[in-house]
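Colleague: Supplied in structure tokens, the structure appears directly below.
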Protein chains: 4
Amino acid sequence: MSDSERLVLERVEATFNRQRVMETFGVKLLKAEAGLVELGFSHAQALTQQHGFLHAGVLTAVVDSACGFAALSVMPPDAGVLSIEFKMNLLSPARYQRYRAVGRVVKAGRTVVVCQGEIVTNDETQPPVTVAIMTASMMVVQPRAGEPAP
Amino acid sequence: MSDSERLVLERVEATFNRQRVMETFGVKLLKAEAGLVELGFSHAQALTQQHGFLHAGVLTAVVDSACGFAALSVMPPDAGVLSIEFKMNLLSPARYQRYRAVGRVVKAGRTVVVCQGEIVTNDETQPPVTVAIMTASMMVVQPRAGEPAP
Amino acid sequence: MSDSERLVLERVEATFNRQRVMETFGVKLLKAEAGLVELGFSHAQALTQQHGFLHAGVLTAVVDSACGFAALSVMPPDAGVLSIEFKMNLLSPARYQRYRAVGRVVKAGRTVVVCQGEIVTNDETQPPVTVAIMTASMMVVQPRAGEPAP
Amino acid sequence: MSDSERLVLERVEATFNRQRVMETFGVKLLKAEAGLVELGFSHAQALTQQHGFLHAGVLTAVVDSACGFAALSVMPPDAGVLSIEFKMNLLSPARYQRYRAVGRVVKAGRTVVVCQGEIVTNDETQPPVTVAIMTASMMVVQPRAGEPAP
């Protein structure tokens, strides 16, 4: 691992670790490269909707974080990230056991970073199923003079 | 309360109660009328992102449910509801104590119901702040012959 | 009309007049206030899709412009506007004769202005039908030193 | 070309030819396979916004059509297609000469077909630039008894 790869990983890890909701949902950081982040998570009864599937908002939380971390990984070192907006399309009911959320940078602008994300099943014995896709716009939040980075 | 108002409330309540994630997030059903549902919830450390605000995915879960219940309230009695897609715009960081999520039906089609939703602060001593807005498309899921309603 | 109202109107008019596509589509500027812009347009055979309705992209063009002008109306005087992203929901086929596109500012941030828009029918003899709704994020484009405003 | 490939091409061509706006915008059908459609178009002064770039709504019209035709190509033979909703992210100003709009089916459901699309520059002497990306939900419109296919 090169120094720059290590810096990306450490930066994403630090932000991931500050997201309490990731721990609450049992999410693991699987991969963090410049412009690409993968998270892993599993079915949990406590997070289901009325049919016993994972709630779409829970899927959204994980893939929004994957996209946000991917965006952060290509931002200036002192910048923070906030979601401006995102759109999810739910393609298949989330009735599976294990999932990966993937976030990828599509366009890194000066003030907005656009990402695409997806939730896919993660079962070694089955071909992956795409459960949902996201497009997200992430804000590059610059620290103001005299304040710590957001 | 008229009979039809009671039927709407009972139907939304039944679906709300089957969403385990609502209990996990501490969400309360505040109002359920034909085409309009309101949910209440509060800040929780376990559901925060890196700056200590409620995670955007948690906001999404609650307002997606509000929209889904609002859509269900105008669907045929034997139909179920699934989110096809939604879009969130995050307008202000979720750094407040108490929130309402409102879902309203904008157009009730035969197979798709379009809703708009919002997250607003819910503090009697302050004017409300709109934290996020959603537009959502909800699928009317008809039961198939020989199967219970979804 | 106050001086500030006149300045808003002149600013929107100037940008409207530079949008060649507005003339090509036969669009008229109906109203321009701080945070609210209305455009009028009519059915045109040259702009139809396969069923003879106005193409969804044409509706999008007009309501995106209404939102963009509304956003511009609340930006600093030297700023320009560019669409970052938008989402359209098509609620009814565009099979009518005359339409209004309305754009409203929902949140005016320092770098992003969020708007909601709609296309409604405009026929004095009939109640209005909402044909489409939009949510849009508009970028505040600051001129760079030595360059004219965009 | 196999019989089924020819049927897809003829079906997309027939719908493309009925979209008057495609002719008005000077759009050409470049490719039509099952689940993938490409359209070509060029800069036109009559379709510009205030900076002289192609208007975002014009880009939307072409890529919405590419997605709609791609969706149609995988639908039952008697079905028609209507856009339910779409989202565009504008990644780069449309200041180029020639473009391709690509629409791809991501998930073909019974009543909704989800597509992703993009606008890329089409200049043999330069690497392609992605100008915009779309996600779209397309309705499978079944003919009703006694009516022609929509």
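Ordered as shown in the structure tokens, chains take letters A, B, and onward, while each chain numbers its residues from 1 and ligands are numbered from 1 in the order shown.
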Which residues of chain B sit at most 9 Å from chain C, using only C-alpha atoms? Give each one's shortest atom pair and distance in Å (one decimal place), in chain and ascending residue order, as JSON lines.
Modeller:
```
{"residue": "B:Lys87", "atom": "CA", "partner": "C:Lys87", "partner_atom": "CA", "distance": 7.8}
{"residue": "B:Asn89", "atom": "CA", "partner": "C:Val114", "partner_atom": "CA", "distance": 8.0}
{"residue": "B:Leu91", "atom": "CA", "partner": "C:Lys107", "partner_atom": "CA", "distance": 6.6}
{"residue": "B:Ser92", "atom": "CA", "partner": "C:Lys107", "partner_atom": "CA", "distance": 9.0}
{"residue": "B:Val106", "atom": "CA", "partner": "C:Leu91", "partner_atom": "CA", "distance": 8.7}
{"residue": "B:Lys107", "atom": "CA", "partner": "C:Leu91", "partner_atom": "CA", "distance": 6.6}
{"residue": "B:Gly109", "atom": "CA", "partner": "C:Leu91", "partner_atom": "CA", "distance": 8.4}
{"residue": "B:Val114", "atom": "CA", "partner": "C:Leu91", "partner_atom": "CA", "distance": 7.9}
{"residue": "B:Thr130", "atom": "CA", "partner": "C:Lys107", "partner_atom": "CA", "distance": 9.0}
{"residue": "B:Met134", "atom": "CA", "partner": "C:Thr135", "partner_atom": "CA", "distance": 8.9}
{"residue": "B:Thr135", "atom": "CA", "partner": "C:Thr135", "partner_atom": "CA", "distance": 8.1}
{"residue": "B:Ala136", "atom": "CA", "partner": "C:Asn89", "partner_atom": "CA", "distance": 8.9}
{"residue": "B:Ser137", "atom": "CA", "partner": "C:Asn89", "partner_atom": "CA", "distance": 8.5}
```
Colleague: Which neighbours of stretch 55-63 of chain C fall inside 8 Å, counting only C-alpha atoms, when residues of the same chain fewer than 5 positions from it are skipped, and could you give them as a list of chain:residue names?
Modeller: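 In the requested format, the answer is C:Met22, C:Val27, C:Leu39, C:Leu47, C:Thr48, C:Gln49, C:Met88, C:Leu90, C:Ala94, C:Ala101, C:Val102, C:Gly103, C:Gly117, C:Glu118, C:Ile119, C:Ala132, C:Met134, D:Val21, D:His55, D:Ala56, D:Gly57, D:Val58, D:Leu59, D:Thr60, D:Ala61, D:Val62, D:Asp64, D:Ser83.
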Colleague: Next, write the just-selected residues to a file, as a CSV table (one decimal), in the first residue's frame, keeping N, CA and C atoms as the atom set.
Modeller:
```
chain,number,residue,atom,x,y,z
C,22,MET,N,-35.9,29.2,-25.3
C,22,MET,CA,-37.3,29.7,-24.8
C,22,MET,C,-38.0,30.3,-26.0
C,27,VAL,N,-41.9,30.2,-25.5
C,27,VAL,CA,-42.2,30.4,-24.0
C,27,VAL,C,-42.3,31.9,-23.7
C,39,LEU,N,-43.6,30.9,-16.2
C,39,LEU,CA,-43.5,30.9,-17.7
C,39,LEU,C,-44.7,30.3,-18.3
C,47,LEU,N,-42.9,19.5,-31.1
C,47,LEU,CA,-42.2,19.2,-29.8
C,47,LEU,C,-42.9,18.0,-29.2
C,48,THR,N,-43.5,17.1,-30.0
C,48,THR,CA,-44.3,16.0,-29.4
C,48,THR,C,-43.5,14.7,-29.4
C,49,GLN,N,-44.0,13.8,-28.5
C,49,GLN,CA,-43.5,12.4,-28.5
C,49,GLN,C,-44.4,11.5,-29.3
C,88,MET,N,-37.8,15.0,-12.2
C,88,MET,CA,-39.1,15.2,-12.7
C,88,MET,C,-40.0,14.0,-12.4
C,90,LEU,N,-43.6,12.8,-13.8
C,90,LEU,CA,-44.7,13.1,-14.8
C,90,LEU,C,-46.0,12.5,-14.3
C,94,ALA,N,-49.1,15.1,-21.2
C,94,ALA,CA,-49.2,16.5,-21.6
C,94,ALA,C,-50.0,16.6,-22.8
C,101,ALA,N,-45.5,27.0,-16.3
C,101,ALA,CA,-44.4,26.4,-15.5
C,101,ALA,C,-44.1,27.3,-14.4
C,102,VAL,N,-44.1,26.8,-13.2
C,102,VAL,CA,-43.8,27.6,-12.0
C,102,VAL,C,-42.6,27.1,-11.3
C,103,GLY,N,-41.7,28.0,-11.0
C,103,GLY,CA,-40.5,27.7,-10.2
C,103,GLY,C,-40.4,28.5,-8.9
C,117,GLY,N,-40.6,23.0,-8.7
C,117,GLY,CA,-41.4,23.5,-9.8
C,117,GLY,C,-42.5,22.6,-10.2
C,118,GLU,N,-43.4,23.2,-11.0
C,118,GLU,CA,-44.5,22.3,-11.5
C,118,GLU,C,-44.9,22.9,-12.9
C,119,ILE,N,-45.5,21.9,-13.6
C,119,ILE,CA,-46.2,22.3,-14.9
C,119,ILE,C,-47.7,22.1,-14.6
C,132,ALA,N,-46.7,17.8,-14.2
C,132,ALA,CA,-45.4,17.3,-13.7
C,132,ALA,C,-44.9,18.2,-12.6
C,134,MET,N,-41.2,19.1,-10.3
C,134,MET,CA,-39.7,19.0,-10.4
C,134,MET,C,-39.1,19.4,-9.0
D,21,VAL,N,-40.4,15.6,-31.9
D,21,VAL,CA,-39.4,16.4,-31.3
D,21,VAL,C,-38.0,15.9,-31.7
D,55,HIS,N,-29.3,23.6,-23.8
D,55,HIS,CA,-30.2,23.7,-22.6
D,55,HIS,C,-30.3,22.3,-22.0
D,56,ALA,N,-30.2,22.2,-20.6
D,56,ALA,CA,-30.3,21.0,-19.9
D,56,ALA,C,-31.6,20.2,-20.3
D,57,GLY,N,-32.6,20.9,-20.6
D,57,GLY,CA,-33.9,20.3,-20.9
D,57,GLY,C,-33.8,19.6,-22.3
D,58,VAL,N,-33.0,20.1,-23.2
D,58,VAL,CA,-32.8,19.5,-24.5
D,58,VAL,C,-32.0,18.2,-24.3
D,59,LEU,N,-31.0,18.2,-23.5
D,59,LEU,CA,-30.2,17.0,-23.2
D,59,LEU,C,-31.2,16.0,-22.6
D,60,THR,N,-32.0,16.5,-21.7
D,60,THR,CA,-33.0,15.6,-21.0
D,60,THR,C,-33.9,14.9,-22.0
D,61,ALA,N,-34.4,15.7,-22.9
D,61,ALA,CA,-35.3,15.1,-23.9
D,61,ALA,C,-34.7,14.0,-24.7
D,62,VAL,N,-33.4,14.2,-25.1
D,62,VAL,CA,-32.8,13.1,-25.9
D,62,VAL,C,-32.5,11.9,-25.1
D,64,ASP,N,-33.9,11.0,-22.2
D,64,ASP,CA,-35.1,10.4,-21.8
D,64,ASP,C,-35.7,9.5,-22.9
D,83,SER,N,-42.8,7.8,-19.6
D,83,SER,CA,-41.9,8.1,-18.5
D,83,SER,C,-42.7,8.3,-17.2
```
Colleague: Could you write out, as JSON, numbers by chain, all the residues of stretch 17-96 of chain A that DSSP marks as helix (DSSP H, G or I)?
Modeller: {"A": [17, 18, 20, 21, 22, 23, 24, 45, 46, 47, 56, 57, 58, 59, 60, 61, 62, 63, 64, 65, 66, 67, 68, 69, 70, 71, 72]}
Colleague: Please identify all polymer residues within 6 Å of B:Val8, counting only C-alpha atoms, omitting same-chain residues fewer than 3 positions from it, and present them as an NGL selection string.
Modeller: :B and (5 or 11 or 73)
Colleague: Could you save the residues just selected, with C-alpha atoms, as an mmCIF file, in the first residue's frame?
Modeller:
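Result file is result-v4.cif:
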```cif
data_model
loop_
_atom_site.group_PDB
_atom_site.id
_atom_site.type_symbol
_atom_site.label_atom_id
_atom_site.label_comp_id
_atom_site.auth_asym_id
_atom_site.auth_seq_id
_atom_site.Cartn_x
_atom_site.Cartn_y
_atom_site.Cartn_z
ATOM 1 C CA GLU B 5 -61.477 7.767 8.703
ATOM 2 C CA ARG B 11 -54.824 0.331 8.092
ATOM 3 C CA SER B 73 -54.146 5.156 2.722
#
```
Colleague: I need the residues of chain C that end up classed as strand (DSSP E or B) by DSSP on the backbone, written out as a PyMOL selection string.
Modeller: chain C and resi 28-33+36-42+48+54+80-90+98-108+112-121+130-141
Colleague: Could you give me, as number ranges by chain, the residues within 12 Å of A:Pro128, counting only C-alpha atoms and dropping anything in the same chain fewer than 3 positions from it?
Modeller: A: 92, 96-100, 118-125, 131
